[in-house]
Each structure stands twice: as structure tokens, then as C-alpha cells.
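As C-alpha cells, the structure follows; a few thoughts come after it.
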Amino acid sequence: MNRTPELKFGILVRKPEVRMAEDLKPVLMEPDLLKENFPAYFMYRDLYESEEDRKKIVDNSLRYDVTVIPPAKVGREYIKTYGHYHPKVNEVSYTEVYEVIEGRAIYLLQKREGGDNRIVDVLAVLAEKGDKVVIPPDYGHVTINPSDEVLKMANWVCRDFSSIYEPYRKLRGGCYYYTDEGWVKNENYDVPEIRIVKPVIPDWLCISKKENMYSLVNDIDVLKFLVDPTCVEYEVFEEI
């Protein structure tokens, strides 16, 4: 894949921010096995199809992004995003919603309590094309491409905050790593067993698996939970 592939989106032609594999070394299971730097993933931020959409998105304090993660491994570990938490608003953290456009994804969610290294809940959300994955408040998350295909995903998020990366850097990534031999615990954490789940699209999101999530720009009040995460109930996963 080209190091800086452009994305055509409505009236835009957007160049990506590129996260290189070297940038991920602080969160990799086997950083010493990274022998060659390469583009780990491409982030196309703040997308809109028209000026009318742009105004509506900004006026509602939202942002629509697309991320592309080519297949790769470092040592035994499948390629992933850096991982981050969201800051708090109204006593809980901001949330986020993802859609798998192409390929497959694992969203590794972890909820901390009493310290960055003490995790009280950890979920591996197995998602495929068309799935909508709501990140509940107070969960940090990492996205993993567990396949030999390109993963392309989109997300809606509140534009009024900056993600918190430091806990992931400090503890060398999320509380589990996903490898070609399965899940491996990160020994820097006190962590329960991982729960394997699939995403459930809540009724209040008002969208089906077949519909493109960008279309919510036409019903943008549905996304108010991204600005006020206390306004809905988060029954968004089902045990496998």
C-alpha cells in the first residue's frame, strides 16, 4: 500500500495522518522483533461529503473519521492501534461508535478501577463488515486487525476532547495482546479473564447493519450520546 494513500470522500480529497510501526513500539508485546518500519495505519479525520454536512457536524460538536489498517504482524502479535481512554463528562467518559466497512476487527475494551493497571472488565468485541460497535463510557479501547485483509472502519466521536494515550504507553499496551497463538495476558496488569462478545446495534442508534453509518448525518440528533453519554443505556454486546 502507498505510504500516503489519498481518500476521496464527497467534496474532499484527504491525505491521512500515518501511524508508523515504530510509533507503536511502546505498546507492542514484542517490540524488539520489529525489524523494519512500515505504515501501521492511516487516519482520515474530520470528513464530510458537503459543506452543508460539515456545518451540521461541527454545530453538533461531532467528527467523522475513517481509519485503514493493512494486515501485518510484529513477531506473533497482530497489528493494532495504539489504544486510548476518553476524558470524563457528566461523571462518565465520552463514548464513541465504530463501523466496520471492510475486513474484520477485534475491539479490545478494558475498564479500569482504582489505578491504571487494575482492570475490572475486559471485552474482545468480534466485528465484521456492517457491524456498529458502541464503546461504552469508561472503557479504554484498542482496535486489532486479526486477518490477512485490509481493515477499513469509520467512527463518529465528539470533537471537543483529546484522547488519553499515556496509560497504554506506561503499561506497554492493552491488558491483553492478540497473537497467532491466541490471547496473551499483559503481565503489567491485574486483569480478569477476557470476555468474548459480539456487537449489538441498539434500537436508539436507528440504523441497520446494511446502512452506512455516515448516513446518520441526516438524523444527527441520534448521535447526541457522543456529547452527553448519560442520555442512553449501553446494552450493546452479546456474549458468544
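Quick note on naming: the chains in the C-alpha cells go A, B, ... in the order shown, residues restart at 1 in each chain, and ligands are numbered from 1 in order of appearance.
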task: Identify, on the basis of only C-alpha atoms, every residue whose closest approach to Tyr94 (chain A) does not exceed 10 Å; exclude the query and any residue fewer than 3 positions from it along the same chain; express the result as a PyMOL selection string.
output: chain A and resi 85-91+135-139+157-158+160-161+163+225-230
message: Give me, as a list in words, all polymer residues having an atom no more than 9 Å from Ala105 (chain A), counting only C-alpha atoms and skipping those fewer than 3 positions away in the same chain.
response: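 Near neighbours after the sequence-gap exclusion: Val100, Val125, Leu126, Ala127, Glu128, Lys129, Thr143, Ile144, Asn145, Pro146, Ser147, Leu151, Lys152 and Met153 of chain A.
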query: Just how far from CA of Ser162 (chain A) is CA of Val18 (chain A), in Å to one decimal?
result: 17.6 Å
- request: Record the distance separating CA of Ser50 (chain A) and CA of Val217 (chain A), expressed in Å with one decimal.
  value: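 CA of Val217 (chain A) lies 10.9 Å from CA of Ser50 (chain A).
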statement: Taken to one decimal, the CA of Glu77 (chain A)-CA of Gly115 (chain A) distance is 26.0 Å
Considering only strand (DSSP E) as DSSP defines it on the backbone, what residues of region 31-200 of chain A qualify? List them as a CSV table (one decimal) with N, CA and C atoms, in the first residue's frame.
```csv
chain,number,residue,atom,x,y,z
A,39,PRO,N,4.1,1.6,7.5
A,39,PRO,CA,2.9,2.3,7.9
A,39,PRO,C,1.9,1.3,8.6
A,40,ALA,N,1.7,1.5,9.8
A,40,ALA,CA,0.8,0.6,10.6
A,40,ALA,C,-0.7,0.9,10.3
A,41,TYR,N,-1.1,2.2,10.2
A,41,TYR,CA,-2.4,2.5,9.9
A,41,TYR,C,-2.5,4.0,9.4
A,42,PHE,N,-3.6,4.2,8.7
A,42,PHE,CA,-3.9,5.5,8.1
A,42,PHE,C,-5.2,6.1,8.7
A,43,MET,N,-5.1,7.4,9.2
A,43,MET,CA,-6.2,8.0,9.8
A,43,MET,C,-6.7,9.2,9.0
A,44,TYR,N,-7.9,9.2,8.5
A,44,TYR,CA,-8.5,10.3,7.7
A,44,TYR,C,-9.6,11.0,8.6
A,62,LEU,N,-19.4,17.2,16.6
A,62,LEU,CA,-19.1,15.8,16.2
A,62,LEU,C,-18.0,15.8,15.2
A,63,ARG,N,-17.5,14.6,14.9
A,63,ARG,CA,-16.4,14.4,13.9
A,63,ARG,C,-16.6,13.0,13.4
A,64,TYR,N,-16.4,12.9,12.0
A,64,TYR,CA,-16.5,11.6,11.4
A,64,TYR,C,-15.1,11.3,10.8
A,65,ASP,N,-14.6,10.1,11.1
A,65,ASP,CA,-13.3,9.7,10.7
A,65,ASP,C,-13.3,8.4,10.0
A,66,VAL,N,-12.3,8.1,9.2
A,66,VAL,CA,-12.1,6.8,8.6
A,66,VAL,C,-10.7,6.3,8.9
A,67,THR,N,-10.5,5.1,9.3
A,67,THR,CA,-9.1,4.5,9.6
A,67,THR,C,-9.0,3.3,8.8
A,68,VAL,N,-7.8,3.1,8.2
A,68,VAL,CA,-7.4,1.9,7.4
A,68,VAL,C,-6.2,1.3,8.0
A,69,ILE,N,-6.4,0.0,8.3
A,69,ILE,CA,-5.3,-0.8,8.9
A,69,ILE,C,-4.9,-2.0,8.0
A,73,LYS,N,1.9,-8.2,11.1
A,73,LYS,CA,2.2,-8.7,12.5
A,73,LYS,C,3.6,-8.2,12.9
A,74,VAL,N,3.8,-8.0,14.2
A,74,VAL,CA,5.1,-7.8,14.7
A,74,VAL,C,5.4,-8.9,15.6
A,77,GLU,N,2.4,-10.9,17.2
A,77,GLU,CA,1.2,-10.1,17.5
A,77,GLU,C,0.6,-9.4,16.3
A,78,TYR,N,-0.7,-9.5,16.1
A,78,TYR,CA,-1.4,-8.8,15.0
A,78,TYR,C,-1.4,-7.3,15.2
A,88,LYS,N,-13.5,12.5,31.0
A,88,LYS,CA,-14.9,12.4,31.5
A,88,LYS,C,-15.7,13.7,31.2
A,89,VAL,N,-17.0,13.4,31.1
A,89,VAL,CA,-18.0,14.5,31.0
A,89,VAL,C,-19.3,14.0,31.7
A,92,VAL,N,-19.1,10.5,33.7
A,92,VAL,CA,-18.6,9.3,33.0
A,92,VAL,C,-17.8,9.8,31.8
A,93,SER,N,-17.1,8.9,31.1
A,93,SER,CA,-16.2,9.3,30.0
A,93,SER,C,-17.0,9.4,28.7
A,96,GLU,N,-17.9,6.5,21.9
A,96,GLU,CA,-17.5,6.6,20.5
A,96,GLU,C,-18.3,5.4,19.8
A,97,VAL,N,-18.5,5.5,18.5
A,97,VAL,CA,-19.2,4.4,17.8
A,97,VAL,C,-18.4,4.2,16.5
A,98,TYR,N,-18.1,2.9,16.2
A,98,TYR,CA,-17.4,2.5,15.1
A,98,TYR,C,-18.3,1.7,14.1
A,99,GLU,N,-17.9,1.6,12.9
A,99,GLU,CA,-18.5,0.8,11.9
A,99,GLU,C,-17.3,0.1,11.1
A,100,VAL,N,-17.5,-1.2,10.9
A,100,VAL,CA,-16.5,-2.0,10.0
A,100,VAL,C,-17.0,-1.8,8.6
A,101,ILE,N,-16.2,-1.2,7.8
A,101,ILE,CA,-16.6,-1.0,6.3
A,101,ILE,C,-16.1,-2.1,5.5
A,102,GLU,N,-14.8,-2.6,5.8
A,102,GLU,CA,-14.2,-3.7,5.0
A,102,GLU,C,-13.4,-4.5,6.0
A,105,ALA,N,-12.5,-6.9,12.5
A,105,ALA,CA,-11.9,-6.2,13.6
A,105,ALA,C,-12.1,-6.9,14.9
A,106,ILE,N,-11.2,-6.7,15.8
A,106,ILE,CA,-11.4,-7.0,17.2
A,106,ILE,C,-11.2,-5.7,18.0
A,107,TYR,N,-12.2,-5.3,18.7
A,107,TYR,CA,-12.1,-4.1,19.6
A,107,TYR,C,-11.9,-4.6,21.0
A,108,LEU,N,-10.7,-4.4,21.5
A,108,LEU,CA,-10.4,-4.8,22.9
A,108,LEU,C,-10.7,-3.7,23.8
A,109,LEU,N,-11.7,-3.9,24.7
A,109,LEU,CA,-12.2,-2.9,25.6
A,109,LEU,C,-11.8,-3.3,27.0
A,110,GLN,N,-11.3,-2.3,27.8
A,110,GLN,CA,-10.9,-2.5,29.2
A,110,GLN,C,-11.4,-1.4,30.1
A,111,LYS,N,-11.9,-1.8,31.3
A,111,LYS,CA,-12.4,-0.8,32.2
A,111,LYS,C,-11.6,-0.9,33.5
A,112,ARG,N,-11.0,0.3,33.8
A,112,ARG,CA,-10.1,0.3,35.0
A,112,ARG,C,-10.8,0.8,36.2
A,119,ILE,N,-7.7,-3.7,36.1
A,119,ILE,CA,-8.8,-3.8,35.2
A,119,ILE,C,-9.9,-4.7,35.8
A,120,VAL,N,-11.2,-4.1,35.8
A,120,VAL,CA,-12.3,-4.9,36.4
A,120,VAL,C,-13.2,-5.6,35.3
A,121,ASP,N,-13.0,-5.2,34.0
A,121,ASP,CA,-13.8,-5.8,32.9
A,121,ASP,C,-13.0,-5.7,31.7
A,122,VAL,N,-12.9,-6.7,30.9
A,122,VAL,CA,-12.2,-6.7,29.6
A,122,VAL,C,-13.0,-7.5,28.6
A,123,LEU,N,-13.3,-6.9,27.4
A,123,LEU,CA,-14.1,-7.5,26.4
A,123,LEU,C,-13.3,-7.5,25.1
A,124,ALA,N,-13.4,-8.6,24.3
A,124,ALA,CA,-13.0,-8.7,23.0
A,124,ALA,C,-14.2,-8.7,22.1
A,125,VAL,N,-14.4,-7.6,21.4
A,125,VAL,CA,-15.6,-7.5,20.5
A,125,VAL,C,-15.3,-7.9,19.1
A,126,LEU,N,-15.8,-9.0,18.7
A,126,LEU,CA,-15.5,-9.5,17.3
A,126,LEU,C,-16.5,-8.9,16.3
A,127,ALA,N,-16.0,-8.1,15.4
A,127,ALA,CA,-16.8,-7.4,14.5
A,127,ALA,C,-16.5,-7.7,13.0
A,132,LYS,N,-21.9,-2.2,13.8
A,132,LYS,CA,-21.7,-0.9,14.5
A,132,LYS,C,-21.3,-1.3,16.0
A,133,VAL,N,-20.2,-0.7,16.4
A,133,VAL,CA,-19.7,-1.1,17.7
A,133,VAL,C,-19.6,0.2,18.6
A,134,VAL,N,-20.5,0.2,19.6
A,134,VAL,CA,-20.6,1.4,20.5
A,134,VAL,C,-19.6,1.1,21.7
A,135,ILE,N,-18.7,2.0,21.9
A,135,ILE,CA,-17.8,1.9,23.1
A,135,ILE,C,-18.4,2.6,24.3
A,140,GLY,N,-11.5,2.0,28.0
A,140,GLY,CA,-10.4,2.3,27.0
A,140,GLY,C,-10.5,1.2,25.9
A,141,HIS,N,-9.9,1.5,24.8
A,141,HIS,CA,-10.0,0.6,23.7
A,141,HIS,C,-8.9,0.6,22.7
A,142,VAL,N,-8.6,-0.6,22.1
A,142,VAL,CA,-7.6,-0.8,21.1
A,142,VAL,C,-8.3,-1.5,19.9
A,143,THR,N,-8.0,-1.2,18.7
A,143,THR,CA,-8.5,-1.9,17.5
A,143,THR,C,-7.5,-2.8,16.9
A,144,ILE,N,-7.8,-4.1,16.7
A,144,ILE,CA,-6.9,-5.1,16.2
A,144,ILE,C,-7.4,-5.5,14.8
A,151,LEU,N,-8.4,-3.9,7.0
A,151,LEU,CA,-9.5,-3.4,7.8
A,151,LEU,C,-9.7,-1.9,7.5
A,152,LYS,N,-10.9,-1.6,7.1
A,152,LYS,CA,-11.3,-0.2,6.9
A,152,LYS,C,-12.5,0.0,7.8
A,153,MET,N,-12.4,1.1,8.7
A,153,MET,CA,-13.5,1.3,9.6
A,153,MET,C,-13.7,2.8,9.7
A,154,ALA,N,-14.9,3.2,10.2
A,154,ALA,CA,-15.3,4.6,10.4
A,154,ALA,C,-15.7,4.8,11.8
A,155,ASN,N,-15.7,6.0,12.3
A,155,ASN,CA,-16.2,6.3,13.6
A,155,ASN,C,-16.8,7.7,13.7
A,156,TRP,N,-17.8,7.8,14.5
A,156,TRP,CA,-18.3,9.1,15.0
A,156,TRP,C,-17.9,9.3,16.4
A,157,VAL,N,-17.5,10.6,16.7
A,157,VAL,CA,-17.0,10.9,18.0
A,157,VAL,C,-17.2,12.4,18.3
A,158,CYS,N,-17.3,12.8,19.6
A,158,CYS,CA,-17.4,14.2,19.9
A,158,CYS,C,-16.0,14.8,19.6
A,176,TYR,N,-4.5,-7.2,27.2
A,176,TYR,CA,-4.2,-8.5,26.5
A,176,TYR,C,-3.6,-8.1,25.2
A,177,TYR,N,-2.8,-9.1,24.6
A,177,TYR,CA,-2.3,-9.0,23.3
A,177,TYR,C,-3.0,-10.1,22.4
A,178,TYR,N,-3.2,-9.8,21.2
A,178,TYR,CA,-3.8,-10.8,20.3
A,178,TYR,C,-2.7,-11.3,19.3
A,179,THR,N,-2.5,-12.6,19.4
A,179,THR,CA,-1.3,-13.2,18.6
A,179,THR,C,-1.8,-14.4,17.7
A,182,GLY,N,-3.3,-16.9,19.8
A,182,GLY,CA,-4.4,-16.6,20.7
A,182,GLY,C,-4.1,-15.4,21.6
A,183,TRP,N,-4.9,-15.3,22.7
A,183,TRP,CA,-4.7,-14.1,23.6
A,183,TRP,C,-3.6,-14.4,24.6
A,184,VAL,N,-2.8,-13.4,24.9
A,184,VAL,CA,-1.7,-13.4,25.8
A,184,VAL,C,-1.9,-12.2,26.8
A,185,LYS,N,-1.9,-12.6,28.1
A,185,LYS,CA,-2.1,-11.5,29.1
A,185,LYS,C,-0.9,-10.6,29.2
A,195,ARG,N,-13.7,-11.6,28.2
A,195,ARG,CA,-15.0,-12.0,27.7
A,195,ARG,C,-15.1,-11.8,26.2
A,196,ILE,N,-15.5,-12.8,25.5
A,196,ILE,CA,-15.6,-12.7,24.0
A,196,ILE,C,-17.1,-12.4,23.7
A,197,VAL,N,-17.3,-11.3,23.0
A,197,VAL,CA,-18.7,-10.8,22.7
A,197,VAL,C,-18.8,-10.4,21.2
A,198,LYS,N,-20.0,-10.2,20.8
A,198,LYS,CA,-20.3,-9.6,19.5
A,198,LYS,C,-21.1,-8.4,19.7
A,199,PRO,N,-21.0,-7.4,18.8
A,199,PRO,CA,-21.8,-6.2,18.9
A,199,PRO,C,-23.3,-6.3,18.6
```
task: Rank A:Lys55, A:Arg104, A:Lys209, A:Lys80 by their smallest atom-to-atom distance to Lys25 (chain A), using only C-alpha atoms, and report the top residue only.
output: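 With only C-alpha atoms as the atom set, the closest residue is A:Lys80.
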- request: Just the alpha helix (DSSP H) stuff from region 9-165 of chain A, please, per backbone DSSP, written as a PyMOL selection string.
  value: chain A and resi 51-59
Based on the selection just made, write N, CA and C atoms of those residues as a PDB file, in the first residue's frame.
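The result, written out as selection-v1.pdb:
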```
ATOM      1  N   GLU A  51     -20.531  20.854   2.176  1.00  0.00           N
ATOM      2  CA  GLU A  51     -20.411  21.966   3.120  1.00  0.00           C
ATOM      3  C   GLU A  51     -21.599  21.990   4.072  1.00  0.00           C
ATOM      4  N   GLU A  52     -22.767  21.616   3.572  1.00  0.00           N
ATOM      5  CA  GLU A  52     -23.948  21.544   4.439  1.00  0.00           C
ATOM      6  C   GLU A  52     -23.737  20.515   5.540  1.00  0.00           C
ATOM      7  N   ASP A  53     -23.189  19.346   5.173  1.00  0.00           N
ATOM      8  CA  ASP A  53     -22.889  18.327   6.179  1.00  0.00           C
ATOM      9  C   ASP A  53     -21.836  18.820   7.155  1.00  0.00           C
ATOM     10  N   ARG A  54     -20.797  19.478   6.654  1.00  0.00           N
ATOM     11  CA  ARG A  54     -19.723  19.966   7.525  1.00  0.00           C
ATOM     12  C   ARG A  54     -20.279  20.875   8.606  1.00  0.00           C
ATOM     13  N   LYS A  55     -21.142  21.804   8.229  1.00  0.00           N
ATOM     14  CA  LYS A  55     -21.717  22.741   9.201  1.00  0.00           C
ATOM     15  C   LYS A  55     -22.552  22.005  10.230  1.00  0.00           C
ATOM     16  N   LYS A  56     -23.352  21.040   9.780  1.00  0.00           N
ATOM     17  CA  LYS A  56     -24.194  20.283  10.699  1.00  0.00           C
ATOM     18  C   LYS A  56     -23.334  19.485  11.690  1.00  0.00           C
ATOM     19  N   ILE A  57     -22.284  18.859  11.183  1.00  0.00           N
ATOM     20  CA  ILE A  57     -21.397  18.061  12.035  1.00  0.00           C
ATOM     21  C   ILE A  57     -20.702  18.944  13.073  1.00  0.00           C
ATOM     22  N   VAL A  58     -20.143  20.055  12.643  1.00  0.00           N
ATOM     23  CA  VAL A  58     -19.432  20.949  13.557  1.00  0.00           C
ATOM     24  C   VAL A  58     -20.389  21.578  14.564  1.00  0.00           C
ATOM     25  N   ASP A  59     -21.557  22.002  14.100  1.00  0.00           N
ATOM     26  CA  ASP A  59     -22.532  22.637  15.002  1.00  0.00           C
ATOM     27  C   ASP A  59     -22.992  21.687  16.097  1.00  0.00           C
TER      28      ASP A  59
END
```
When you look at region 186-189 of chain A with a cut-off of 9 Å (counting only C-alpha atoms), what residues show up, excluding the ones that are within fewer than 4 positions of it in the same chain? I need them as a tab-separated table (two decimals) with N, CA and C atoms, in the first residue's frame.
```
chain	number	residue	atom	x	y	z
A	29	MET	N	3.78	-6.16	22.19
A	29	MET	CA	4.17	-7.28	23.05
A	29	MET	C	5.65	-7.61	22.86
A	116	ASP	N	-4.49	2.62	37.00
A	116	ASP	CA	-4.43	2.29	35.58
A	116	ASP	C	-4.25	0.80	35.33
A	117	ASN	N	-3.55	0.11	36.24
A	117	ASN	CA	-3.22	-1.30	35.99
A	117	ASN	C	-4.25	-2.27	36.55
A	118	ARG	N	-5.27	-1.78	37.22
A	118	ARG	CA	-6.30	-2.67	37.78
A	118	ARG	C	-7.53	-2.62	36.88
A	119	ILE	N	-7.75	-3.70	36.14
A	119	ILE	CA	-8.84	-3.79	35.19
A	119	ILE	C	-9.95	-4.66	35.77
A	171	LEU	N	1.93	1.14	30.44
A	171	LEU	CA	1.75	-0.27	30.77
A	171	LEU	C	1.99	-1.19	29.57
A	172	ARG	N	2.64	-0.67	28.56
A	172	ARG	CA	3.01	-1.42	27.34
A	172	ARG	C	1.80	-2.03	26.66
A	173	GLY	N	0.80	-1.17	26.39
A	173	GLY	CA	-0.35	-1.58	25.60
A	173	GLY	C	-1.55	-1.94	26.44
A	174	GLY	N	-2.52	-2.60	25.79
A	174	GLY	CA	-3.71	-3.03	26.49
A	174	GLY	C	-3.44	-4.22	27.38
A	175	CYS	N	-4.47	-4.65	28.12
A	175	CYS	CA	-4.27	-5.70	29.12
A	175	CYS	C	-4.15	-7.10	28.52
A	176	TYR	N	-4.46	-7.24	27.24
A	176	TYR	CA	-4.20	-8.48	26.51
A	176	TYR	C	-3.60	-8.14	25.15
A	177	TYR	N	-2.80	-9.06	24.63
A	177	TYR	CA	-2.30	-8.99	23.25
A	177	TYR	C	-2.98	-10.10	22.44
```
